[in-house]
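entry.txt, holding compact mmCIF, C-alpha atoms:
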# COMPACT_ATOMS: atom_id res chain seq x y z
CA ASP A 1 105.63 91.58 21.04
CA ALA A 2 102.88 93.93 19.86
CA LYS A 3 99.96 94.40 22.23
CA THR A 4 96.48 92.96 21.79
CA THR A 5 93.18 94.20 23.20
CA GLN A 6 90.25 91.92 23.96
CA PRO A 7 86.95 92.38 25.82
CA ASN A 8 87.17 91.13 29.39
CA SER A 9 84.12 88.90 29.10
CA MET A 10 81.44 87.69 26.72
CA GLU A 11 78.36 85.51 26.95
CA SER A 12 76.78 83.32 24.34
CA ASN A 13 73.94 80.86 24.15
CA GLU A 14 74.68 77.21 23.68
CA GLU A 15 74.60 75.97 20.08
CA GLU A 16 74.92 79.48 18.67
CA PRO A 17 77.98 80.96 16.93
CA VAL A 18 80.40 83.04 18.94
CA HIS A 19 82.58 85.83 17.59
CA LEU A 20 85.51 86.78 19.82
CA PRO A 21 87.21 90.01 18.72
CA CYS A 22 90.84 91.05 19.09
CA ASN A 23 92.44 94.38 18.22
CA HIS A 24 96.13 94.57 17.38
CA SER A 25 96.66 97.94 15.75
CA THR A 26 100.47 97.86 16.14
CA ILE A 27 100.91 94.48 14.50
CA SER A 28 104.04 94.14 12.37
CA GLY A 29 104.32 92.44 9.01
CA THR A 30 105.91 89.31 10.47
CA ASP A 31 103.57 88.86 13.43
CA TYR A 32 101.42 85.76 13.38
CA ILE A 33 98.07 85.89 15.18
CA HIS A 34 97.61 83.00 17.60
CA TRP A 35 94.66 82.00 19.72
CA TYR A 36 94.86 79.82 22.80
CA ARG A 37 92.19 79.02 25.34
CA GLN A 38 92.30 77.93 28.96
CA LEU A 39 89.49 75.86 30.35
CA PRO A 40 88.90 76.03 34.13
CA SER A 41 91.68 74.40 36.13
CA GLN A 42 93.55 73.30 33.00
CA GLY A 43 96.58 74.36 31.03
CA PRO A 44 96.19 76.50 27.91
CA GLU A 45 95.27 74.81 24.66
CA TYR A 46 96.21 75.91 21.14
CA VAL A 47 93.18 76.85 19.06
CA ILE A 48 94.29 78.36 15.74
CA HIS A 49 96.76 80.75 14.12
CA GLY A 50 97.05 82.81 10.93
CA LEU A 51 99.09 85.46 9.17
CA THR A 52 96.96 87.18 6.52
CA SER A 53 94.31 84.83 5.18
CA ASN A 54 91.32 83.47 7.01
CA VAL A 55 91.92 80.05 8.51
CA ASN A 56 89.68 77.13 9.43
CA ASN A 57 90.34 74.05 11.51
CA ARG A 58 88.26 71.52 13.39
CA MET A 59 87.98 73.75 16.44
CA ALA A 60 87.34 77.21 15.03
CA SER A 61 87.78 79.77 12.27
CA LEU A 62 89.98 82.83 12.30
CA ALA A 63 88.92 85.89 10.33
CA ILE A 64 91.68 88.46 9.81
CA ALA A 65 90.93 92.02 8.73
CA GLU A 66 92.45 93.16 5.46
CA ASP A 67 94.72 95.67 7.26
CA ARG A 68 95.52 92.99 9.89
CA LYS A 69 94.80 95.40 12.71
CA SER A 70 92.06 93.19 14.08
CA SER A 71 90.91 89.59 13.98
CA THR A 72 87.97 87.50 15.11
CA LEU A 73 87.90 83.99 16.45
CA ILE A 74 84.71 82.23 15.43
CA LEU A 75 83.28 79.24 17.24
CA HIS A 76 80.60 78.01 14.88
CA ARG A 77 78.39 76.25 17.39
CA ALA A 78 79.25 76.86 21.02
CA THR A 79 78.95 74.07 23.54
CA LEU A 80 79.25 74.18 27.31
CA ARG A 81 82.76 72.77 26.93
CA ASP A 82 83.79 75.95 25.11
CA ALA A 83 83.49 77.98 28.31
CA ALA A 84 87.03 79.22 28.84
CA VAL A 85 89.35 82.21 28.76
CA TYR A 86 90.42 82.92 25.18
CA TYR A 87 93.76 84.59 24.53
CA CYS A 88 94.75 86.40 21.35
CA ILE A 89 98.57 86.50 21.05
CA LEU A 90 100.92 88.02 18.48
CA ARG A 91 104.12 86.14 17.87
CA ASP A 92 106.99 87.14 15.57
CA VAL A 93 108.31 83.73 14.63
CA ASN A 94 110.96 85.14 12.33
CA PHE A 95 112.97 86.49 15.25
CA GLY A 96 112.88 83.22 17.13
CA ASN A 97 110.75 84.69 19.86
CA GLU A 98 109.62 81.46 21.41
CA LYS A 99 107.72 82.70 24.41
CA LEU A 100 103.99 83.29 24.39
CA THR A 101 102.95 86.62 25.89
CA PHE A 102 99.48 86.19 27.37
CA GLY A 103 97.23 89.17 28.05
CA THR A 104 94.11 89.10 30.17
CA GLY A 105 92.02 87.38 27.52
CA THR A 106 88.25 87.14 27.13
CA ARG A 107 86.29 85.01 29.58
CA LEU A 108 83.58 83.28 27.56
CA THR A 109 80.48 82.08 29.38
CA ILE A 110 78.10 79.72 27.60
CA ILE A 111 74.48 79.89 28.65
CA PRO A 112 72.61 76.57 28.45
CA ASN B 1 100.66 59.47 22.46
CA ALA B 2 100.79 60.89 25.96
CA GLY B 3 100.62 64.63 26.32
CA VAL B 4 102.78 66.85 28.49
CA MET B 5 102.93 65.45 31.98
CA GLN B 6 103.55 67.41 35.14
CA ASN B 7 103.97 66.20 38.66
CA PRO B 8 103.02 66.64 41.29
CA ARG B 9 99.65 68.16 40.41
CA HIS B 10 99.40 69.76 43.83
CA LEU B 11 102.28 70.64 46.12
CA VAL B 12 102.15 72.16 49.58
CA ARG B 13 105.29 73.62 51.11
CA ARG B 14 106.00 75.60 54.23
CA ARG B 15 107.85 78.89 53.95
CA GLY B 16 111.56 78.30 53.59
CA GLN B 17 111.29 74.81 52.10
CA GLU B 18 112.26 73.84 48.56
CA ALA B 19 109.80 73.02 45.79
CA ARG B 20 110.67 70.80 42.81
CA LEU B 21 108.27 70.73 39.88
CA ARG B 22 108.70 68.16 37.12
CA CYS B 23 107.70 68.28 33.50
CA SER B 24 107.90 65.48 30.94
CA PRO B 25 107.42 66.88 27.44
CA MET B 26 105.52 65.14 24.69
CA LYS B 27 107.40 62.31 23.03
CA GLY B 28 109.93 63.65 20.56
CA HIS B 29 109.74 67.23 21.84
CA SER B 30 113.03 68.76 22.92
CA HIS B 31 111.83 72.31 23.64
CA VAL B 32 110.31 73.08 27.03
CA TYR B 33 108.76 76.28 28.40
CA TRP B 34 107.69 77.15 31.91
CA TYR B 35 104.92 79.65 32.70
CA ARG B 36 103.51 80.86 36.00
CA GLN B 37 99.95 81.94 36.73
CA LEU B 38 99.51 83.85 39.97
CA PRO B 39 95.99 83.86 41.51
CA GLU B 40 93.59 85.97 39.44
CA GLU B 41 96.37 86.94 37.02
CA GLY B 42 97.41 85.95 33.54
CA LEU B 43 100.09 83.51 32.51
CA LYS B 44 103.64 84.82 32.52
CA PHE B 45 106.56 83.27 30.69
CA MET B 46 109.44 82.19 32.90
CA VAL B 47 112.03 80.20 30.97
CA TYR B 48 112.64 78.35 27.70
CA LEU B 49 114.97 75.35 27.60
CA GLN B 50 116.27 72.92 25.07
CA LYS B 51 118.01 69.72 26.06
CA GLU B 52 120.81 70.68 28.47
CA ASN B 53 120.58 74.38 27.55
CA ILE B 54 118.73 77.41 28.86
CA ILE B 55 117.78 79.51 25.85
CA ASP B 56 115.71 82.32 27.37
CA GLU B 57 115.34 82.94 31.09
CA SER B 58 114.12 86.52 30.81
CA GLY B 59 111.02 85.78 32.90
CA MET B 60 112.73 84.02 35.77
CA PRO B 61 112.98 85.80 39.11
CA LYS B 62 116.62 86.65 39.79
CA GLU B 63 116.88 84.69 43.02
CA ARG B 64 115.71 81.32 44.35
CA PHE B 65 114.40 80.04 40.99
CA SER B 66 116.28 77.72 38.65
CA ALA B 67 115.39 75.38 35.82
CA GLU B 68 117.07 72.52 34.03
CA PHE B 69 116.32 70.10 31.23
CA PRO B 70 118.91 67.30 31.36
CA LYS B 71 119.80 64.99 28.54
CA GLU B 72 117.83 62.23 30.22
CA GLY B 73 114.74 62.74 32.32
CA PRO B 74 112.20 65.46 32.87
CA SER B 75 112.66 69.20 33.07
CA ILE B 76 112.80 70.49 36.63
CA LEU B 77 111.75 73.88 37.95
CA ARG B 78 113.28 74.39 41.36
CA ILE B 79 112.24 77.04 43.86
CA GLN B 80 114.42 77.41 46.92
CA GLN B 81 113.27 78.93 50.22
CA VAL B 82 109.70 79.35 49.05
CA VAL B 83 107.65 82.34 50.19
CA ARG B 84 103.88 82.87 50.19
CA GLY B 85 104.13 84.93 47.01
CA ASP B 86 105.35 81.84 45.16
CA SER B 87 101.90 80.26 45.52
CA ALA B 88 100.68 79.87 41.97
CA ALA B 89 99.94 77.44 39.18
CA TYR B 90 103.06 76.50 37.22
CA PHE B 91 102.54 75.26 33.68
CA CYS B 92 104.98 73.52 31.45
CA ALA B 93 104.67 73.42 27.67
CA SER B 94 106.64 71.65 24.97
CA SER B 95 107.10 71.99 21.25
CA LEU B 96 108.63 69.86 18.52
CA LYS B 97 110.96 72.51 17.14
CA PRO B 98 111.74 76.20 17.58
CA GLY B 99 109.27 78.50 15.95
CA SER B 100 106.54 75.87 16.13
CA TYR B 101 103.10 77.35 15.98
CA GLU B 102 101.80 75.18 18.77
CA GLN B 103 102.98 74.82 22.29
CA TYR B 104 101.39 71.89 24.08
CA PHE B 105 100.66 72.58 27.74
CA GLY B 106 100.55 70.27 30.68
CA PRO B 107 97.87 70.31 33.38
CA GLY B 108 100.00 72.38 35.73
CA THR B 109 101.32 72.08 39.26
CA ARG B 110 99.48 74.10 41.87
CA LEU B 111 101.93 75.20 44.53
CA THR B 112 100.63 76.38 47.87
CA VAL B 113 103.03 77.89 50.39
CA THR B 114 101.79 77.93 53.96
How does the structure come out when it is put into C-alpha cells?
Amino acid sequence: DAKTTQPNSMESNEEEPVHLPCNHSTISGTDYIHWYRQLPSQGPEYVIHGLTSNVNNRMASLAIAEDRKSSTLILHRATLRDAAVYYCILRDVNFGNEKLTFGTGTRLTIIP
Amino acid sequence: NAGVMQNPRHLVRRRGQEARLRCSPMKGHSHVYWYRQLPEEGLKFMVYLQKENIIDESGMPKERFSAEFPKEGPSILRIQQVVRGDSAAYFCASSLKPGSYEQYFGPGTRLTVT
C-alpha cells in the first residue's frame, strides 16, 4: 500500500470546522482514500472514503486534490465527541488487499 | 442490529499462560480481521479469515499465535505461552464481503500479561 503522511496533532475550537490534511504523493490509479478514526479507548470507526471526486456523508466531507496526491477530511462543525485519532489510509481494492494499513494518524483535540 | 462483539474486554494472564480472545462479527458478516495495538503504537494487521479459512496471515507472529473462524461460533485468536510483550489491545473487525469499503470494529480486548 502507498504511504500517507499526516500531521501528528491538531487542535480546533468546538463548533468550528476542522480540516485534516493527508499527503499521498505515491498514490496509484486504483487506490481508494479511506478515513477512519479512533476515539479514546474504542475501536476504529469508518468515516468516509473516495476515489477521485469529493464525497459527503453524515459524518464528514472528503476533498480530493485534482492530482489525487493529497486529500482533506472536513468536519463541518466539531464537537467534543470528535476528539480522536484520525487515520488516512490508501487501499487498492482491485487487488483484493483486504487489510487496513494504519499509520500514526492525526490526534485531534477539540477545545471547548 | 448488534455490532461486532469481543470478549472478554479485559484479560489478565501470567507469563506462560494461554490467552483466548473471542470475536463475534456483525450479523451476516463472514469476513473477520484481527488487529493489534501495542501501547503508544498504531494498529497493525494480524490476520484475515473467512468462515473456516485463513485468507491472509501475513501479520501474525510466526510462533505462539493462531486464529480460527469456525463454521459455527465466534472467531478465536489464541496466544500460547504469553509474554509481557503480548500486552496490547486486540481489535476484531468484520465486513460483509471482500473488498467492502467499511470494516466494522469491535471495542477490543485489552490483554495484560503480568
Practice problem: Please provide as a list in words all residues within 8 Å of Glu45 (chain A), with the sequence filter that same-chain residues fewer than 6 positions apart are discarded (counting all atoms listed in the file). | Solution: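 Surrounding residues, per the criterion: Tyr36, Arg37 and Gln38 of chain A; Tyr104 and Phe105 of chain B.
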Exercise. Choose the residue, out of A:Val18, A:Ala83, A:Val93, A:Ile74, that has the smallest atom-to-atom separation from Ser100 (chain B); count all atoms listed in the file.
Key: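 Between A:Val18, A:Ala83, A:Val93, A:Ile74, the residue approaching Ser100 (chain B) most closely is A:Val93.
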Practice problem: Have a look at CA of Thr109 (chain B) and CA of Arg81 (chain A) and let me know their distance in Å, one decimal. | Solution: 22.3 Å
Which chain A residues have any atom within 12 Å of an atom of region 45-48 of chain B, and for each, what is the nearest pair of atoms with distance in Å to one decimal, counting only C-alpha atoms, rows sorted by chain and number, as CSV?
residue,atom,partner,partner_atom,distance
A:Gly96,CA,B:Tyr48,CA,11.6
A:Asn97,CA,B:Tyr48,CA,10.3
A:Glu98,CA,B:Tyr48,CA,7.6
A:Lys99,CA,B:Phe45,CA,6.4
A:Leu100,CA,B:Phe45,CA,6.8
A:Thr101,CA,B:Phe45,CA,6.9
A:Phe102,CA,B:Phe45,CA,8.3
A:Gly103,CA,B:Phe45,CA,11.4
Export of prior selection with C-alpha atoms as an mmCIF file, in the frame of the given file:
data_model
loop_
_atom_site.group_PDB
_atom_site.id
_atom_site.type_symbol
_atom_site.label_atom_id
_atom_site.label_comp_id
_atom_site.auth_asym_id
_atom_site.auth_seq_id
_atom_site.Cartn_x
_atom_site.Cartn_y
_atom_site.Cartn_z
ATOM 1 C CA GLY A 96 112.880 83.220 17.130
ATOM 2 C CA ASN A 97 110.750 84.690 19.860
ATOM 3 C CA GLU A 98 109.620 81.460 21.410
ATOM 4 C CA LYS A 99 107.720 82.700 24.410
ATOM 5 C CA LEU A 100 103.990 83.290 24.390
ATOM 6 C CA THR A 101 102.950 86.620 25.890
ATOM 7 C CA PHE A 102 99.480 86.190 27.370
ATOM 8 C CA GLY A 103 97.230 89.170 28.050
#
Quiz item: Within 10 Å of (115.5, 70.9, 49.7), all atoms listed in the file: residues as a list in words?
Solution: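 Selection result: Gly16, Gln17, Glu18, Ala19, Arg20, Arg78, Ile79, Gln80 and Gln81 of chain B.
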With the cut-off set at 9 Å and counting all atoms listed in the file, tabulate each residue of chain B with an atom at most that distance from an atom of chain A, showing the nearest atom pair and its distance in Å to one decimal, ordered by chain and increasing number, as a tab-separated table.
residue	atom	partner	partner_atom	distance
B:Tyr33	CA	A:Lys99	CA	7.6
B:Glu41	CA	A:Thr104	CA	7.5
B:Gly42	CA	A:Thr104	CA	5.7
B:Leu43	CA	A:Phe102	CA	5.8
B:Lys44	CA	A:Phe102	CA	6.8
B:Phe45	CA	A:Lys99	CA	6.4
B:Met46	CA	A:Lys99	CA	8.7
B:Val47	CA	A:Lys99	CA	8.2
B:Tyr48	CA	A:Lys99	CA	7.3
B:Asp56	CA	A:Lys99	CA	8.5
B:Phe91	CA	A:Gly43	CA	6.6
B:Cys92	CA	A:Gly43	CA	8.5
B:Ala93	CA	A:Gly43	CA	8.8
B:Pro98	CA	A:Glu98	CA	6.8
B:Gly99	CA	A:Val93	CA	5.5
B:Ser100	CA	A:Val93	CA	8.2
B:Tyr101	CA	A:His49	CA	7.4
B:Glu102	CA	A:Tyr46	CA	6.1
B:Gln103	CA	A:Tyr46	CA	7.0
B:Tyr104	CA	A:Glu45	CA	6.8
B:Phe105	CA	A:Gly43	CA	5.5
B:Gly106	CA	A:Gly43	CA	5.7
B:Pro107	CA	A:Gly43	CA	4.9
B:Gly108	CA	A:Gly43	CA	6.1
Quiz item: Skipping near chain neighbours, those fewer than 6 positions away, what residues fall within 10 Å of Leu108 (chain A) using all atoms listed in the file, listed as a VMD selection string?
Solution: chain A and resid 7 to 12 18 20 37 39 82 to 86
Exercise. Provide the CA of Arg77 (chain A) to CA of Glu14 (chain A) distance in Å, to one decimal place.
Key: 7.4 Å
Practice problem: List the neighbours of Ser61 (chain A) out to 8 Å using all atoms listed in the file; skip same-chain residues closer than 6 positions along the sequence, and give me the result as a ChimeraX atom specification. | Solution: /A:48,54-55,73-76
Practice problem: Please indicate the distance in Å from CA of Leu51 (chain A) to CA of Gln6 (chain A), rounded to one decimal place. | Solution: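 Atom-to-atom, CA of Leu51 (chain A) and CA of Gln6 (chain A) are spaced 18.4 Å apart.
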